[in-house]
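Chemist: I'd like to ask some things about the structure below.
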Amino acid sequence: MNQGKRIYFACPMFSAMEKEYSLKLEALLCKYGYEVFVPFRDGYEAAVLENKTEEEMVAMIFEKDLTEIKKADIVFFLLDGRAPDEGGCVELGMAYMLGKRCYGYKTDTRTVEMSLDLNPMITGCMIKIFRDFDGDKNMANLEDYLSNNAL
């Protein structure tokens with residue numbers, strides 16, 4: 001693994017569509033040499049944990065994700081949804097305070113009618129947000145960026 005190439009991918013993970021799109025983005029990042037931690041694939045997902053109390057699930061998920069954020073060089077946050085995922089916002093805040101490079105990615109149009117597309121406390125953490133409401137075009141924009149720049 002190249003130094004500076006480890007990504008923690010903060011992403012919504014509550015539907016098959018969210019997971020499928022996240023894995024497409026992860027594949028693109030891997031294509032450019034990044035090692036990507038995807039929480040629902042590489043960590044724990046509360047919905048599929050069996051025989052655990054709520055306290056055990058919280059501890060397992062929180063500690064695993066915090067450990068992976070600390071190991072990462074970059075946090076890449078998929079911002080789609082009515083509002084950015086609450087867990088992803090916490091992960092972003094942790095990463096920012098740990099000095100990680102933070103990037104956003106957004107295709108969702110649900111917040112366009114507001115004067116600010118995203119909360120300034122979220123955008124203020126980001127080096128760059130890849131933003132296009134056409135998902136395929138936004139993925140092409142990300143690929144074009146990666147072919148000429150490192151995250």
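If you're wondering about the labels, chains in the structure tokens are A, B, ... by order shown, residues count from 1 in each chain, ligands from 1 in order shown.
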Residues of segment 14-112 of chain A that have any atom at most 8 Å from an atom of segment 117-127 of chain A: could you tabulate them with the shortest-distance atom pair and the distance in Å to one decimal, using only C-alpha atoms, ordered by chain and increasing number, as JSON lines?

Modeler:
```
{"residue": "A:Cys89", "atom": "CA", "partner": "A:Ile122", "partner_atom": "CA", "distance": 7.2}
{"residue": "A:Leu92", "atom": "CA", "partner": "A:Cys125", "partner_atom": "CA", "distance": 7.5}
{"residue": "A:Gly93", "atom": "CA", "partner": "A:Cys125", "partner_atom": "CA", "distance": 7.6}
{"residue": "A:Tyr96", "atom": "CA", "partner": "A:Cys125", "partner_atom": "CA", "distance": 6.1}
{"residue": "A:Arg101", "atom": "CA", "partner": "A:Ile127", "partner_atom": "CA", "distance": 6.9}
{"residue": "A:Cys102", "atom": "CA", "partner": "A:Met126", "partner_atom": "CA", "distance": 4.9}
{"residue": "A:Tyr103", "atom": "CA", "partner": "A:Met126", "partner_atom": "CA", "distance": 5.1}
{"residue": "A:Gly104", "atom": "CA", "partner": "A:Met126", "partner_atom": "CA", "distance": 6.5}
{"residue": "A:Thr111", "atom": "CA", "partner": "A:Asp117", "partner_atom": "CA", "distance": 5.6}
{"residue": "A:Val112", "atom": "CA", "partner": "A:Asp117", "partner_atom": "CA", "distance": 5.7}
```

Chemist: At a cut-off of 10 Å, using only C-alpha atoms, what residues contact Ser147 of chain A? Leave out same-chain residues fewer than 5 positions from it and give the result as a list in words.

Modeler: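 Here the qualifying residues turn out to be Lys31, Tyr32, Asn141 and Leu142 of chain A.
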
Chemist: Chain A: which residues are strand (DSSP E or B) by DSSP, as a list in words?

Modeler: Arg6, Ile7, Tyr8, Phe9, Ala10, Glu35, Val36, Phe37, Ile74, Val75, Phe76, Phe77, Leu78, Arg101, Cys102, Tyr103, Gly104, Tyr105, Lys106, Lys128, Ile129, Phe130 and Arg131 of chain A

Chemist: Go ahead and write the selection's residues with N, CA and C atoms as a short mmCIF file (atom, residue, chain, number, x, y, z; two decimals), in the first residue's frame.

Modeler:
```cif
data_model
loop_
_atom_site.label_atom_id
_atom_site.label_comp_id
_atom_site.auth_asym_id
_atom_site.auth_seq_id
_atom_site.Cartn_x
_atom_site.Cartn_y
_atom_site.Cartn_z
N ARG A 6 -4.78 5.34 2.12
CA ARG A 6 -5.79 4.56 2.85
C ARG A 6 -7.02 5.43 3.09
N ILE A 7 -8.18 4.96 2.63
CA ILE A 7 -9.43 5.73 2.70
C ILE A 7 -10.42 5.06 3.63
N TYR A 8 -11.03 5.87 4.49
CA TYR A 8 -12.23 5.46 5.22
C TYR A 8 -13.40 6.04 4.43
N PHE A 9 -14.28 5.17 3.96
CA PHE A 9 -15.40 5.58 3.11
C PHE A 9 -16.67 5.68 3.95
N ALA A 10 -17.01 6.89 4.37
CA ALA A 10 -18.24 7.13 5.12
C ALA A 10 -19.39 7.18 4.12
N GLU A 35 -6.57 2.06 -0.97
CA GLU A 35 -7.08 0.96 -0.15
C GLU A 35 -8.26 1.52 0.62
N VAL A 36 -9.44 0.94 0.43
CA VAL A 36 -10.67 1.55 0.93
C VAL A 36 -11.34 0.65 1.97
N PHE A 37 -11.60 1.23 3.14
CA PHE A 37 -12.40 0.57 4.18
C PHE A 37 -13.84 1.00 3.98
N ILE A 74 -7.36 9.47 4.55
CA ILE A 74 -8.41 10.23 3.87
C ILE A 74 -9.76 9.72 4.33
N VAL A 75 -10.73 10.63 4.46
CA VAL A 75 -12.13 10.23 4.61
C VAL A 75 -12.86 10.73 3.37
N PHE A 76 -13.55 9.81 2.73
CA PHE A 76 -14.34 10.10 1.54
C PHE A 76 -15.79 9.88 1.95
N PHE A 77 -16.62 10.92 1.91
CA PHE A 77 -17.97 10.90 2.47
C PHE A 77 -19.00 11.03 1.36
N LEU A 78 -19.82 9.99 1.18
CA LEU A 78 -20.94 10.03 0.25
C LEU A 78 -22.08 10.77 0.95
N ARG A 101 -7.36 14.14 5.55
CA ARG A 101 -7.86 14.83 4.36
C ARG A 101 -9.29 14.33 4.11
N CYS A 102 -10.23 15.26 3.92
CA CYS A 102 -11.64 14.91 3.80
C CYS A 102 -12.20 15.38 2.46
N TYR A 103 -12.93 14.49 1.81
CA TYR A 103 -13.56 14.77 0.53
C TYR A 103 -15.02 14.36 0.60
N GLY A 104 -15.86 15.10 -0.12
CA GLY A 104 -17.28 14.77 -0.20
C GLY A 104 -17.66 14.40 -1.62
N TYR A 105 -18.79 13.72 -1.74
CA TYR A 105 -19.31 13.29 -3.03
C TYR A 105 -20.83 13.35 -2.94
N LYS A 106 -21.47 14.08 -3.86
CA LYS A 106 -22.91 14.32 -3.76
C LYS A 106 -23.58 14.30 -5.12
N LYS A 128 -12.48 19.10 -1.01
CA LYS A 128 -13.21 19.20 -2.26
C LYS A 128 -14.46 18.36 -2.16
N ILE A 129 -15.54 18.81 -2.80
CA ILE A 129 -16.76 18.02 -2.91
C ILE A 129 -17.02 17.80 -4.39
N PHE A 130 -17.14 16.56 -4.77
CA PHE A 130 -17.50 16.22 -6.15
C PHE A 130 -19.02 16.26 -6.19
N ARG A 131 -19.58 17.20 -6.97
CA ARG A 131 -21.01 17.46 -6.91
C ARG A 131 -21.58 17.56 -8.31
#
```

Chemist: Could you tell me how far atom CA of Tyr44 of chain A sits from atom CA of Asp65 of chain A, in Å to one decimal place?

Modeler: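 About the pair atom CA of Asp65 of chain A and atom CA of Tyr44 of chain A: they are 8.6 Å apart.
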
Chemist: Which value, in Å to one decimal, gives the distance between atom CA of Gly87 of chain A and atom CA of Ile69 of chain A?

Modeler: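 Computing it gives 12.5 Å between the two atoms.
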
Chemist: As a ChimeraX atom specification, please: the residues near Ala140 of chain A (cut-off 12 Å, only C-alpha atoms, same-chain neighbours under 4 positions excluded).

Modeler: /A:24-25,28-29,130-132,134-136,144-147

Chemist: Output N, CA, C and O atoms for every residue in the selection just made, as a PDB file, in the first residue's frame.

Modeler:
```
ATOM      1  N   LYS A  24     -19.594   0.782  -6.212  1.00  0.00           N
ATOM      2  CA  LYS A  24     -19.109   1.289  -7.502  1.00  0.00           C
ATOM      3  C   LYS A  24     -18.059   2.383  -7.277  1.00  0.00           C
ATOM      4  O   LYS A  24     -17.026   2.406  -7.943  1.00  0.00           O
ATOM      5  N   LEU A  25     -18.337   3.282  -6.338  1.00  0.00           N
ATOM      6  CA  LEU A  25     -17.365   4.331  -6.018  1.00  0.00           C
ATOM      7  C   LEU A  25     -16.091   3.732  -5.428  1.00  0.00           C
ATOM      8  O   LEU A  25     -14.981   4.141  -5.783  1.00  0.00           O
ATOM      9  N   LEU A  28     -13.891   2.392  -8.101  1.00  0.00           N
ATOM     10  CA  LEU A  28     -13.184   3.462  -8.809  1.00  0.00           C
ATOM     11  C   LEU A  28     -11.993   3.953  -7.997  1.00  0.00           C
ATOM     12  O   LEU A  28     -10.889   4.141  -8.531  1.00  0.00           O
ATOM     13  N   LEU A  29     -12.179   4.137  -6.716  1.00  0.00           N
ATOM     14  CA  LEU A  29     -11.067   4.571  -5.865  1.00  0.00           C
ATOM     15  C   LEU A  29      -9.946   3.523  -5.861  1.00  0.00           C
ATOM     16  O   LEU A  29      -8.764   3.872  -5.945  1.00  0.00           O
ATOM     17  N   PHE A 130     -17.141  16.563  -4.770  1.00  0.00           N
ATOM     18  CA  PHE A 130     -17.497  16.218  -6.145  1.00  0.00           C
ATOM     19  C   PHE A 130     -19.017  16.260  -6.192  1.00  0.00           C
ATOM     20  O   PHE A 130     -19.687  15.486  -5.525  1.00  0.00           O
ATOM     21  N   ARG A 131     -19.582  17.197  -6.968  1.00  0.00           N
ATOM     22  CA  ARG A 131     -21.012  17.457  -6.907  1.00  0.00           C
ATOM     23  C   ARG A 131     -21.582  17.564  -8.313  1.00  0.00           C
ATOM     24  O   ARG A 131     -21.245  18.475  -9.058  1.00  0.00           O
ATOM     25  N   ASP A 132     -22.407  16.610  -8.661  1.00  0.00           N
ATOM     26  CA  ASP A 132     -23.176  16.668  -9.907  1.00  0.00           C
ATOM     27  C   ASP A 132     -24.392  15.793  -9.686  1.00  0.00           C
ATOM     28  O   ASP A 132     -24.260  14.682  -9.167  1.00  0.00           O
ATOM     29  N   ASP A 134     -26.155  14.258 -11.758  1.00  0.00           N
ATOM     30  CA  ASP A 134     -26.134  13.093 -12.641  1.00  0.00           C
ATOM     31  C   ASP A 134     -25.057  12.156 -12.094  1.00  0.00           C
ATOM     32  O   ASP A 134     -23.867  12.447 -12.169  1.00  0.00           O
ATOM     33  N   GLY A 135     -25.483  11.041 -11.507  1.00  0.00           N
ATOM     34  CA  GLY A 135     -24.554  10.123 -10.852  1.00  0.00           C
ATOM     35  C   GLY A 135     -23.454   9.618 -11.760  1.00  0.00           C
ATOM     36  O   GLY A 135     -22.293   9.528 -11.348  1.00  0.00           O
ATOM     37  N   ASP A 136     -23.783   9.283 -13.009  1.00  0.00           N
ATOM     38  CA  ASP A 136     -22.765   8.805 -13.941  1.00  0.00           C
ATOM     39  C   ASP A 136     -21.764   9.914 -14.273  1.00  0.00           C
ATOM     40  O   ASP A 136     -20.554   9.674 -14.339  1.00  0.00           O
ATOM     41  N   ASP A 144     -11.942  11.525 -13.638  1.00  0.00           N
ATOM     42  CA  ASP A 144     -11.080  12.502 -14.297  1.00  0.00           C
ATOM     43  C   ASP A 144     -10.144  13.153 -13.280  1.00  0.00           C
ATOM     44  O   ASP A 144      -8.947  13.314 -13.533  1.00  0.00           O
ATOM     45  N   TYR A 145     -10.670  13.508 -12.129  1.00  0.00           N
ATOM     46  CA  TYR A 145      -9.849  14.105 -11.077  1.00  0.00           C
ATOM     47  C   TYR A 145      -8.764  13.143 -10.622  1.00  0.00           C
ATOM     48  O   TYR A 145      -7.590  13.502 -10.503  1.00  0.00           O
ATOM     49  N   LEU A 146      -9.149  11.880 -10.378  1.00  0.00           N
ATOM     50  CA  LEU A 146      -8.189  10.884  -9.892  1.00  0.00           C
ATOM     51  C   LEU A 146      -7.101  10.583 -10.913  1.00  0.00           C
ATOM     52  O   LEU A 146      -5.986  10.229 -10.540  1.00  0.00           O
ATOM     53  N   SER A 147      -7.428  10.710 -12.194  1.00  0.00           N
ATOM     54  CA  SER A 147      -6.423  10.429 -13.217  1.00  0.00           C
ATOM     55  C   SER A 147      -5.355  11.511 -13.279  1.00  0.00           C
ATOM     56  O   SER A 147      -4.280  11.299 -13.833  1.00  0.00           O
TER      57      SER A 147
END
```

Chemist: Let me make sure I understand: among A:Leu49, A:Cys30, A:Ala83, A:Met94, which one has the smallest atom-to-atom distance to Pro12 of chain A if we use only C-alpha atoms?

Modeler: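 Of the candidates, the smallest distance to Pro12 of chain A is held by A:Ala83.
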
Chemist: Using only C-alpha atoms, determine which residues lie at most 12 Å from segment 51-62 of chain A, disregarding the query and same-chain residues fewer than 4 positions distant; provide the list as a list of chain:residue names.

Modeler: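 So the residues in contact are A:Pro39, A:Phe40, A:Asp42, A:Gly43, A:Tyr44, A:Glu45, A:Ala46, A:Ala47, A:Leu66, A:Thr67, A:Glu68, A:Ile69, A:Gly87, A:Gly88, A:Val90, A:Glu91, A:Met94.
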
Chemist: Please produce an output containing N, CA and C atoms for each residue in the selection, written as a short mmCIF file (atom, residue, chain, number, x, y, z; two decimals), in the first residue's frame.

Modeler:
```
data_model
loop_
_atom_site.label_atom_id
_atom_site.label_comp_id
_atom_site.auth_asym_id
_atom_site.auth_seq_id
_atom_site.Cartn_x
_atom_site.Cartn_y
_atom_site.Cartn_z
N PRO A 39 -17.41 0.51 5.68
CA PRO A 39 -17.93 0.01 6.96
C PRO A 39 -18.91 -1.16 6.87
N PHE A 40 -19.85 -1.13 5.92
CA PHE A 40 -20.82 -2.22 5.87
C PHE A 40 -20.22 -3.51 5.34
N ASP A 42 -16.52 -4.13 5.51
CA ASP A 42 -15.28 -4.45 6.22
C ASP A 42 -15.40 -4.31 7.74
N GLY A 43 -16.50 -3.75 8.20
CA GLY A 43 -16.71 -3.56 9.63
C GLY A 43 -17.92 -4.34 10.08
N TYR A 44 -18.73 -3.72 10.90
CA TYR A 44 -19.93 -4.36 11.44
C TYR A 44 -21.16 -3.57 11.02
N GLU A 45 -22.22 -4.30 10.75
CA GLU A 45 -23.50 -3.69 10.41
C GLU A 45 -24.52 -4.15 11.45
N ALA A 46 -25.09 -3.22 12.20
CA ALA A 46 -25.98 -3.57 13.31
C ALA A 46 -27.12 -4.48 12.85
N ALA A 47 -27.64 -4.24 11.66
CA ALA A 47 -28.79 -5.01 11.19
C ALA A 47 -28.50 -6.49 11.02
N LEU A 66 -13.90 3.87 14.62
CA LEU A 66 -12.92 4.83 15.12
C LEU A 66 -11.50 4.35 14.82
N THR A 67 -11.24 3.08 15.03
CA THR A 67 -9.92 2.51 14.73
C THR A 67 -9.57 2.69 13.26
N GLU A 68 -10.53 2.44 12.38
CA GLU A 68 -10.29 2.55 10.94
C GLU A 68 -10.11 4.01 10.52
N ILE A 69 -10.84 4.93 11.14
CA ILE A 69 -10.65 6.35 10.84
C ILE A 69 -9.23 6.76 11.23
N GLY A 87 -24.16 9.16 11.15
CA GLY A 87 -22.91 8.50 11.51
C GLY A 87 -21.75 9.02 10.69
N GLY A 88 -22.00 9.25 9.40
CA GLY A 88 -20.97 9.81 8.53
C GLY A 88 -20.53 11.20 8.99
N VAL A 90 -20.49 12.26 12.10
CA VAL A 90 -19.63 12.06 13.26
C VAL A 90 -18.25 11.59 12.79
N GLU A 91 -18.22 10.65 11.85
CA GLU A 91 -16.95 10.15 11.32
C GLU A 91 -16.15 11.28 10.69
N MET A 94 -14.65 13.47 13.44
CA MET A 94 -13.49 12.79 14.05
C MET A 94 -12.28 12.91 13.13
#
```

Chemist: Report, in Å to a single decimal, how far apart atom CA of Thr109 of chain A and atom CA of Gly81 of chain A are.

Modeler: 8.8 Å

Chemist: Which of these residues is nearest to Phe14 of chain A, using only C-alpha atoms: A:Lys64, A:Asp85, A:Ala27, A:Asn138?

Modeler: A:Asp85

Chemist: Based on DSSP run over this structure's backbone, return all residues of chain A in alpha helix (DSSP H), as JSON, numbers by chain.

Modeler: {"A": [16, 17, 18, 19, 20, 21, 22, 23, 24, 25, 26, 27, 28, 29, 30, 31, 39, 40, 41, 42, 54, 55, 56, 57, 58, 59, 60, 61, 62, 63, 64, 65, 66, 67, 68, 69, 70, 71, 86, 87, 88, 89, 90, 91, 92, 93, 94, 95, 96, 97, 120, 121, 122, 123, 135, 136, 137, 138, 139, 140, 141, 142, 143, 144, 145, 146, 147, 148]}

Chemist: Please determine, counting only C-alpha atoms, which residue among A:Asn149, A:Arg110, A:Gly4, A:Gly99 has the shortest atom-to-atom distance to Phe133 of chain A.

Modeler: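 Checking each candidate against Phe133 of chain A, we get A:Arg110 as the closest.
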